[in-house]
>>> print(open('coords_16.pdb').read())   # PDB, C-alpha atoms and all ligand atoms
ATOM      1  CA  MET A   1     -34.156  -3.130-115.768  1.00  0.00           C
ATOM      2  CA  LYS A   2     -37.577  -4.597-114.952  1.00  0.00           C
ATOM      3  CA  CYS A   3     -40.517  -2.324-114.382  1.00  0.00           C
ATOM      4  CA  PRO A   4     -41.449  -2.520-110.665  1.00  0.00           C
ATOM      5  CA  PHE A   5     -45.145  -2.301-111.543  1.00  0.00           C
ATOM      6  CA  CYS A   6     -45.618  -4.841-114.328  1.00  0.00           C
ATOM      7  CA  ASN A   7     -42.217  -6.588-114.559  1.00  0.00           C
ATOM      8  CA  PHE A   8     -41.843  -5.676-118.219  1.00  0.00           C
ATOM      9  CA  GLU A   9     -38.163  -5.699-119.207  1.00  0.00           C
ATOM     10  CA  GLU A  10     -37.996  -2.626-121.399  1.00  0.00           C
ATOM     11  CA  SER A  11     -38.120   0.969-120.377  1.00  0.00           C
ATOM     12  CA  LYS A  12     -36.928   4.232-121.816  1.00  0.00           C
ATOM     13  CA  VAL A  13     -34.705   6.686-119.969  1.00  0.00           C
ATOM     14  CA  THR A  14     -36.322  10.102-119.673  1.00  0.00           C
ATOM     15  CA  ASP A  15     -33.662  11.768-117.542  1.00  0.00           C
ATOM     16  CA  SER A  16     -30.135  10.973-116.286  1.00  0.00           C
ATOM     17  CA  ARG A  17     -28.151  12.805-113.700  1.00  0.00           C
ATOM     18  CA  MET A  18     -25.210  12.227-111.427  1.00  0.00           C
ATOM     19  CA  SER A  19     -25.993  11.977-107.728  1.00  0.00           C
ATOM     20  CA  MET A  20     -24.691  14.658-105.350  1.00  0.00           C
ATOM     21  CA  ASP A  21     -21.584  12.703-104.325  1.00  0.00           C
ATOM     22  CA  GLY A  22     -20.763  11.652-107.878  1.00  0.00           C
ATOM     23  CA  GLN A  23     -20.952   7.980-106.915  1.00  0.00           C
ATOM     24  CA  ALA A  24     -24.182   7.072-108.656  1.00  0.00           C
ATOM     25  CA  ILE A  25     -26.202   7.872-111.719  1.00  0.00           C
ATOM     26  CA  LYS A  26     -29.870   8.533-111.165  1.00  0.00           C
ATOM     27  CA  ARG A  27     -32.146   7.724-114.083  1.00  0.00           C
ATOM     28  CA  ARG A  28     -35.819   8.431-114.598  1.00  0.00           C
ATOM     29  CA  ARG A  29     -37.366   5.650-116.607  1.00  0.00           C
ATOM     30  CA  GLU A  30     -40.688   5.027-118.189  1.00  0.00           C
ATOM     31  CA  CYS A  31     -42.008   1.521-118.742  1.00  0.00           C
ATOM     32  CA  LEU A  32     -42.711   0.816-122.422  1.00  0.00           C
ATOM     33  CA  LYS A  33     -45.662  -1.384-121.533  1.00  0.00           C
ATOM     34  CA  CYS A  34     -47.571   0.258-118.669  1.00  0.00           C
ATOM     35  CA  ASN A  35     -46.026   3.735-118.970  1.00  0.00           C
ATOM     36  CA  GLN A  36     -45.430   3.967-115.214  1.00  0.00           C
ATOM     37  CA  ARG A  37     -42.417   6.019-114.226  1.00  0.00           C
ATOM     38  CA  PHE A  38     -39.717   4.933-111.817  1.00  0.00           C
ATOM     39  CA  THR A  39     -36.199   5.912-110.788  1.00  0.00           C
ATOM     40  CA  THR A  40     -33.076   3.783-110.775  1.00  0.00           C
ATOM     41  CA  PHE A  41     -29.697   4.404-109.192  1.00  0.00           C
ATOM     42  CA  GLU A  42     -26.727   2.890-110.943  1.00  0.00           C
ATOM     43  CA  THR A  43     -23.544   2.706-108.922  1.00  0.00           C
ATOM     44  CA  ILE A  44     -20.071   2.147-110.227  1.00  0.00           C
ATOM     45  CA  ASP A  45     -18.876  -1.334-109.356  1.00  0.00           C
ATOM     46  CA  LEU A  46     -15.187  -1.400-108.512  1.00  0.00           C
ATOM     47  CA  THR A  47     -15.203  -4.691-106.695  1.00  0.00           C
ATOM     48  CA  VAL A  48     -12.034  -6.697-107.159  1.00  0.00           C
ATOM     49  CA  GLN A  49     -12.462 -10.434-106.827  1.00  0.00           C
ATOM     50  CA  VAL A  50      -9.831 -12.348-104.911  1.00  0.00           C
ATOM     51  CA  LEU A  51      -9.176 -15.803-106.357  1.00  0.00           C
ATOM     52  CA  LYS A  52      -8.220 -18.147-103.541  1.00  0.00           C
ATOM     53  CA  ARG A  53      -6.057 -21.249-103.795  1.00  0.00           C
ATOM     54  CA  ASP A  54      -9.084 -23.513-103.546  1.00  0.00           C
ATOM     55  CA  GLY A  55     -10.476 -21.912-106.711  1.00  0.00           C
ATOM     56  CA  THR A  56     -13.221 -19.920-105.009  1.00  0.00           C
ATOM     57  CA  TYR A  57     -13.650 -16.167-105.204  1.00  0.00           C
ATOM     58  CA  GLU A  58     -14.415 -13.575-102.588  1.00  0.00           C
ATOM     59  CA  ASP A  59     -14.791  -9.805-102.737  1.00  0.00           C
ATOM     60  CA  PHE A  60     -11.615  -7.927-101.995  1.00  0.00           C
ATOM     61  CA  LYS A  61     -11.979  -6.165 -98.655  1.00  0.00           C
ATOM     62  CA  GLN A  62      -9.620  -3.494 -97.449  1.00  0.00           C
ATOM     63  CA  ASP A  63     -10.433  -4.424 -93.833  1.00  0.00           C
ATOM     64  CA  LYS A  64      -9.214  -7.954 -94.342  1.00  0.00           C
ATOM     65  CA  LEU A  65      -6.030  -6.716 -95.945  1.00  0.00           C
ATOM     66  CA  LEU A  66      -5.604  -4.295 -93.050  1.00  0.00           C
ATOM     67  CA  ASN A  67      -5.993  -7.098 -90.478  1.00  0.00           C
ATOM     68  CA  GLY A  68      -3.418  -9.242 -92.244  1.00  0.00           C
ATOM     69  CA  ILE A  69      -0.856  -6.446 -92.324  1.00  0.00           C
ATOM     70  CA  MET A  70      -1.705  -5.420 -88.759  1.00  0.00           C
ATOM     71  CA  SER A  71      -0.977  -8.941 -87.469  1.00  0.00           C
ATOM     72  CA  ALA A  72       2.385  -8.972 -89.196  1.00  0.00           C
ATOM     73  CA  CYS A  73       3.241  -5.560 -87.744  1.00  0.00           C
ATOM     74  CA  ARG A  74       2.215  -6.320 -84.158  1.00  0.00           C
ATOM     75  CA  HIS A  75       4.927  -5.386 -81.650  1.00  0.00           C
ATOM     76  CA  THR A  76       7.067  -3.795 -84.332  1.00  0.00           C
ATOM     77  CA  ARG A  77       7.960  -0.153 -84.834  1.00  0.00           C
ATOM     78  CA  VAL A  78       5.368   0.149 -87.563  1.00  0.00           C
ATOM     79  CA  SER A  79       2.638   2.490 -86.380  1.00  0.00           C
ATOM     80  CA  HIS A  80      -1.062   1.828 -86.721  1.00  0.00           C
ATOM     81  CA  ASP A  81      -1.318   4.849 -89.027  1.00  0.00           C
ATOM     82  CA  LYS A  82       1.376   3.449 -91.261  1.00  0.00           C
ATOM     83  CA  VAL A  83      -0.413   0.099 -91.498  1.00  0.00           C
ATOM     84  CA  LYS A  84      -3.642   1.886 -92.395  1.00  0.00           C
ATOM     85  CA  ALA A  85      -1.858   3.996 -94.985  1.00  0.00           C
ATOM     86  CA  LEU A  86      -0.312   0.876 -96.521  1.00  0.00           C
ATOM     87  CA  ALA A  87      -3.646  -0.965 -96.728  1.00  0.00           C
ATOM     88  CA  TYR A  88      -5.184   2.129 -98.314  1.00  0.00           C
ATOM     89  CA  HIS A  89      -2.264   2.506-100.724  1.00  0.00           C
ATOM     90  CA  ILE A  90      -2.480  -1.120-101.890  1.00  0.00           C
ATOM     91  CA  THR A  91      -6.252  -0.865-102.292  1.00  0.00           C
ATOM     92  CA  ALA A  92      -5.948   2.373-104.283  1.00  0.00           C
ATOM     93  CA  ASP A  93      -3.346   0.697-106.500  1.00  0.00           C
ATOM     94  CA  LEU A  94      -5.677  -2.205-107.259  1.00  0.00           C
ATOM     95  CA  MET A  95      -8.490   0.225-108.083  1.00  0.00           C
ATOM     96  CA  ALA A  96      -6.240   2.349-110.275  1.00  0.00           C
ATOM     97  CA  LYS A  97      -5.178  -0.710-112.255  1.00  0.00           C
ATOM     98  CA  GLN A  98      -8.863  -1.533-112.700  1.00  0.00           C
ATOM     99  CA  LEU A  99      -8.205  -5.156-111.926  1.00  0.00           C
ATOM    100  CA  ARG A 100     -11.224  -7.392-112.000  1.00  0.00           C
ATOM    101  CA  GLU A 101      -9.517 -10.135-110.052  1.00  0.00           C
ATOM    102  CA  ILE A 102      -6.281 -10.923-108.269  1.00  0.00           C
ATOM    103  CA  THR A 103      -5.003 -14.185-106.814  1.00  0.00           C
ATOM    104  CA  THR A 104      -4.167 -14.436-103.104  1.00  0.00           C
ATOM    105  CA  LYS A 105      -0.652 -15.289-104.265  1.00  0.00           C
ATOM    106  CA  ASP A 106      -0.232 -12.001-106.159  1.00  0.00           C
ATOM    107  CA  LEU A 107      -1.893 -10.020-103.404  1.00  0.00           C
ATOM    108  CA  GLY A 108       0.440 -11.576-100.832  1.00  0.00           C
ATOM    109  CA  ALA A 109       3.433 -10.742-103.014  1.00  0.00           C
ATOM    110  CA  ILE A 110       2.364  -7.087-103.212  1.00  0.00           C
ATOM    111  CA  VAL A 111       2.037  -6.908 -99.421  1.00  0.00           C
ATOM    112  CA  MET A 112       5.454  -8.550 -98.979  1.00  0.00           C
ATOM    113  CA  ASN A 113       7.102  -6.094-101.364  1.00  0.00           C
ATOM    114  CA  HIS A 114       5.806  -3.189 -99.320  1.00  0.00           C
ATOM    115  CA  LEU A 115       6.605  -4.747 -95.945  1.00  0.00           C
ATOM    116  CA  GLN A 116      10.146  -5.499 -97.063  1.00  0.00           C
ATOM    117  CA  GLU A 117      10.712  -1.769 -97.414  1.00  0.00           C
ATOM    118  CA  ILE A 118       8.987  -0.848 -94.169  1.00  0.00           C
ATOM    119  CA  ASP A 119       9.992  -3.357 -91.507  1.00  0.00           C
ATOM    120  CA  THR A 120      12.084  -6.524 -91.549  1.00  0.00           C
ATOM    121  CA  VAL A 121      10.256  -8.241 -88.706  1.00  0.00           C
ATOM    122  CA  ALA A 122       6.840  -7.592 -90.213  1.00  0.00           C
ATOM    123  CA  TYR A 123       8.110  -8.801 -93.579  1.00  0.00           C
ATOM    124  CA  ILE A 124       9.454 -12.056 -92.154  1.00  0.00           C
ATOM    125  CA  ARG A 125       6.259 -12.680 -90.184  1.00  0.00           C
ATOM    126  CA  PHE A 126       4.102 -12.174 -93.226  1.00  0.00           C
ATOM    127  CA  ALA A 127       6.450 -14.171 -95.439  1.00  0.00           C
ATOM    128  CA  CYS A 128       6.532 -17.107 -93.004  1.00  0.00           C
ATOM    129  CA  VAL A 129       2.804 -17.592 -93.256  1.00  0.00           C
ATOM    130  CA  TYR A 130       2.559 -16.659 -96.883  1.00  0.00           C
ATOM    131  CA  GLU A 131       5.449 -18.650 -98.287  1.00  0.00           C
ATOM    132  CA  ARG A 132       4.970 -21.765 -96.134  1.00  0.00           C
ATOM    133  CA  PHE A 133       8.635 -22.505 -95.866  1.00  0.00           C
ATOM    134  CA  LYS A 134       9.311 -26.225 -96.108  1.00  0.00           C
ATOM    135  CA  ASP A 135      11.941 -26.206 -93.396  1.00  0.00           C
ATOM    136  CA  ILE A 136      13.986 -23.916 -91.229  1.00  0.00           C
ATOM    137  CA  LYS A 137      16.747 -23.751 -93.843  1.00  0.00           C
ATOM    138  CA  GLU A 138      14.441 -22.208 -96.409  1.00  0.00           C
ATOM    139  CA  LEU A 139      13.363 -19.672 -93.855  1.00  0.00           C
ATOM    140  CA  LEU A 140      16.954 -18.832 -92.955  1.00  0.00           C
ATOM    141  CA  ASP A 141      17.858 -18.504 -96.624  1.00  0.00           C
ATOM    142  CA  ALA A 142      15.026 -16.050 -97.063  1.00  0.00           C
ATOM    143  CA  ILE A 143      16.220 -14.061 -94.072  1.00  0.00           C
ATOM    144  CA  ASP A 144      19.779 -14.083 -95.411  1.00  0.00           C
ATOM    145  CA  SER A 145      18.540 -12.764 -98.706  1.00  0.00           C
ATOM    146  CA  ILE A 146      17.265  -9.569 -97.155  1.00  0.00           C
ATOM    147  CA  LYS A 147      19.220  -6.969 -95.356  1.00  0.00           C
ATOM    148  CA  ILE A 148      18.945  -7.442 -91.626  1.00  0.00           C
ATOM    149  CA  LYS A 149      18.801  -4.071 -89.965  1.00  0.00           C
ATOM    150  CA  ASN A 150      20.428  -3.286 -86.639  1.00  0.00           C
ATOM    151  CA  GLY A 151      18.448  -4.609 -83.736  1.00  0.00           C
ATOM    152  CA  ASP A 152      16.429  -6.998 -85.837  1.00  0.00           C
ATOM    153  CA  ASN A 153      18.931  -9.829 -85.578  1.00  0.00           C
ATOM    154  CA  CYS A 154      16.924 -11.769 -83.026  1.00  0.00           C
ATOM    155  CA  LEU A 155      13.784 -11.640 -85.062  1.00  0.00           C
ATOM    156  CA  VAL A 156      13.583 -15.377 -85.688  1.00  0.00           C
ATOM    157  CA  LYS A 157      13.763 -16.158 -81.983  1.00  0.00           C
ATOM    158  CA  ASN A 158      11.073 -13.625 -81.220  1.00  0.00           C
ATOM    159  CA  LYS A 159       8.864 -14.516 -84.099  1.00  0.00           C
ATOM    160  CA  LYS A 160       5.446 -15.767 -83.151  1.00  0.00           C
ATOM    161  CA  LEU A 161       3.445 -17.263 -85.936  1.00  0.00           C
ATOM    162  CA  ASN A 162      -0.248 -17.040 -85.826  1.00  0.00           C
ATOM    163  CA  SER A 163      -1.422 -18.086 -89.232  1.00  0.00           C
ATOM    164  CA  GLY A 164      -5.050 -17.492 -88.328  1.00  0.00           C
ATOM    165  CA  ASP A 165      -4.317 -13.790 -87.940  1.00  0.00           C
ATOM    166  CA  LEU A 166      -2.853 -13.343 -91.366  1.00  0.00           C
ATOM    167  CA  ASP A 167      -6.034 -13.621 -93.315  1.00  0.00           C
ATOM    168  CA  TYR A 168      -4.871 -13.197 -96.869  1.00  0.00           C
ATOM    169  CA  ALA A 169      -1.555 -14.862 -96.175  1.00  0.00           C
ATOM    170  CA  SER A 170      -3.170 -17.911 -94.608  1.00  0.00           C
ATOM    171  CA  GLU A 171      -5.233 -18.514 -97.728  1.00  0.00           C
ATOM    172  CA  THR A 172      -2.123 -19.522 -99.611  1.00  0.00           C
ATOM    173  CA  LYS A 173      -2.042 -23.156 -98.600  1.00  0.00           C
TER     174      LYS A 173
HETATM  175 ZN    ZN A 201     -44.532  -1.486-116.494  1.00  0.00          ZN
END
>>> encode(input="coords_16.pdb", output="structure tokens", more="lines below")
Ligand SMILES: [Zn+2]
Amino acid sequence: MKCPFCNFEESKVTDSRMSMDGQAIKRRRECLKCNQRFTTFETIDLTVQVLKRDGTYEDFKQDKLLNGIMSACRHTRVSHDKVKALAYHITADLMAKQLREITTKDLGAIVMNHLQEIDTVAYIRFACVYERFKDIKELLDAIDSIKIKNGDNCLVKNKKLNSGDLDYASETK
């Protein structure tokens, strides 16, 4: 931590305390060279890095995850609240596991696992973009492999793919 007055790199901590909301630690420091005092705030960094297929990283963002799930759930019986709860749940899981990074592939698989339990149409939509089925047979096999619920039988006909909407899914080229 450089001194803001003289840029010297060493300082001693004279006082440490947690901020009101418990999210940061406030430290009083004294520069070992010029003896000026200053305060630093240290926040806890829980950023998960998402490793994309092209080898680049980006910060995990719950909003982006939310948008991806929301697109898959459009015009289904899955409520907006449920989508939000799912995005929150997945994010909380990642935080709890204290992951430093996750691949788009693994993240997509987690989303698919959850969607499979919630809504068949949303699951298939997400899977279509995420898995990049080679041909229609692969897609049909995947559909056969899950239980088709009543009323969802026409889901393939009604399916509209919009890969641009499924942010995290569309990364998996
Ligand atoms: Zn100094």
>>> closest_residue(input="coords_16.pdb", among="A:Arg100, A:Leu51, A:Ala87, A:Ala127", to="Ile69 (chain A)", atoms="only C-alpha atoms")
A:Ala87
>>> resolve_selection(input="coords_16.pdb", expression="the PyMOL selection byres (((not hetatm)) within 8 of (chain A and resi 201))", output="MDAnalysis selection string")
chainID A and resid 2:8 11 30:36
>>> atom_distance(input="coords_16.pdb", atom1="CA of Thr39 (chain A)", atom2="CA of Arg17 (chain A)")
11.0 Å
>>> closest_residue(input="coords_16.pdb", among="A:Val48, A:Leu115, A:Ala109, A:Ile25", to="Ala92 (chain A)", atoms="only C-alpha atoms")
A:Val48
>>> closest_residue(input="coords_16.pdb", among="A:Gln98, A:Thr103, A:Thr40, A:Thr120", to="Lys12 (chain A)", atoms="only C-alpha atoms")
A:Thr40
>>> closest_residue(input="coords_16.pdb", among="A:Thr104, A:His75, A:Phe60, A:Asp81", to="Ala122 (chain A)", atoms="only C-alpha atoms")
A:His75
>>> atom_distance(input="coords_16.pdb", atom1="CA of Ile124 (chain A)", atom2="CA of Met112 (chain A)")
8.7 Å
>>> atom_distance(input="coords_16.pdb", atom1="CA of Ser71 (chain A)", atom2="CA of Gly55 (chain A)")
25.1 Å
>>> closest_residue(input="coords_16.pdb", among="A:Ile102, A:Val78, A:Met1, A:Ala96", to="Glu58 (chain A)", atoms="all atoms listed in the file")
A:Ile102
>>> closest_residue(input="coords_16.pdb", among="A:Arg74, A:Lys26, A:Lys97, A:Lys105", to="Glu131 (chain A)", atoms="all atoms listed in the file")
A:Lys105
>>> residues_around(input="coords_16.pdb", residues="Lys82 (chain A)", least_positions_apart="2", cutoff="12 Å", atoms="only C-alpha atoms", output="PyMOL selection string")
chain A and resi 66+69-70+73+76-80+84-89+114-115+118-119
>>> residues_around(input="coords_16.pdb", residues="Lys61 (chain A)", least_positions_apart="5", cutoff="12 Å", atoms="all atoms listed in the file", output="ChimeraX atom specification")
/A:46-50,66-68,87-88,90-92,94-95,107,167-168
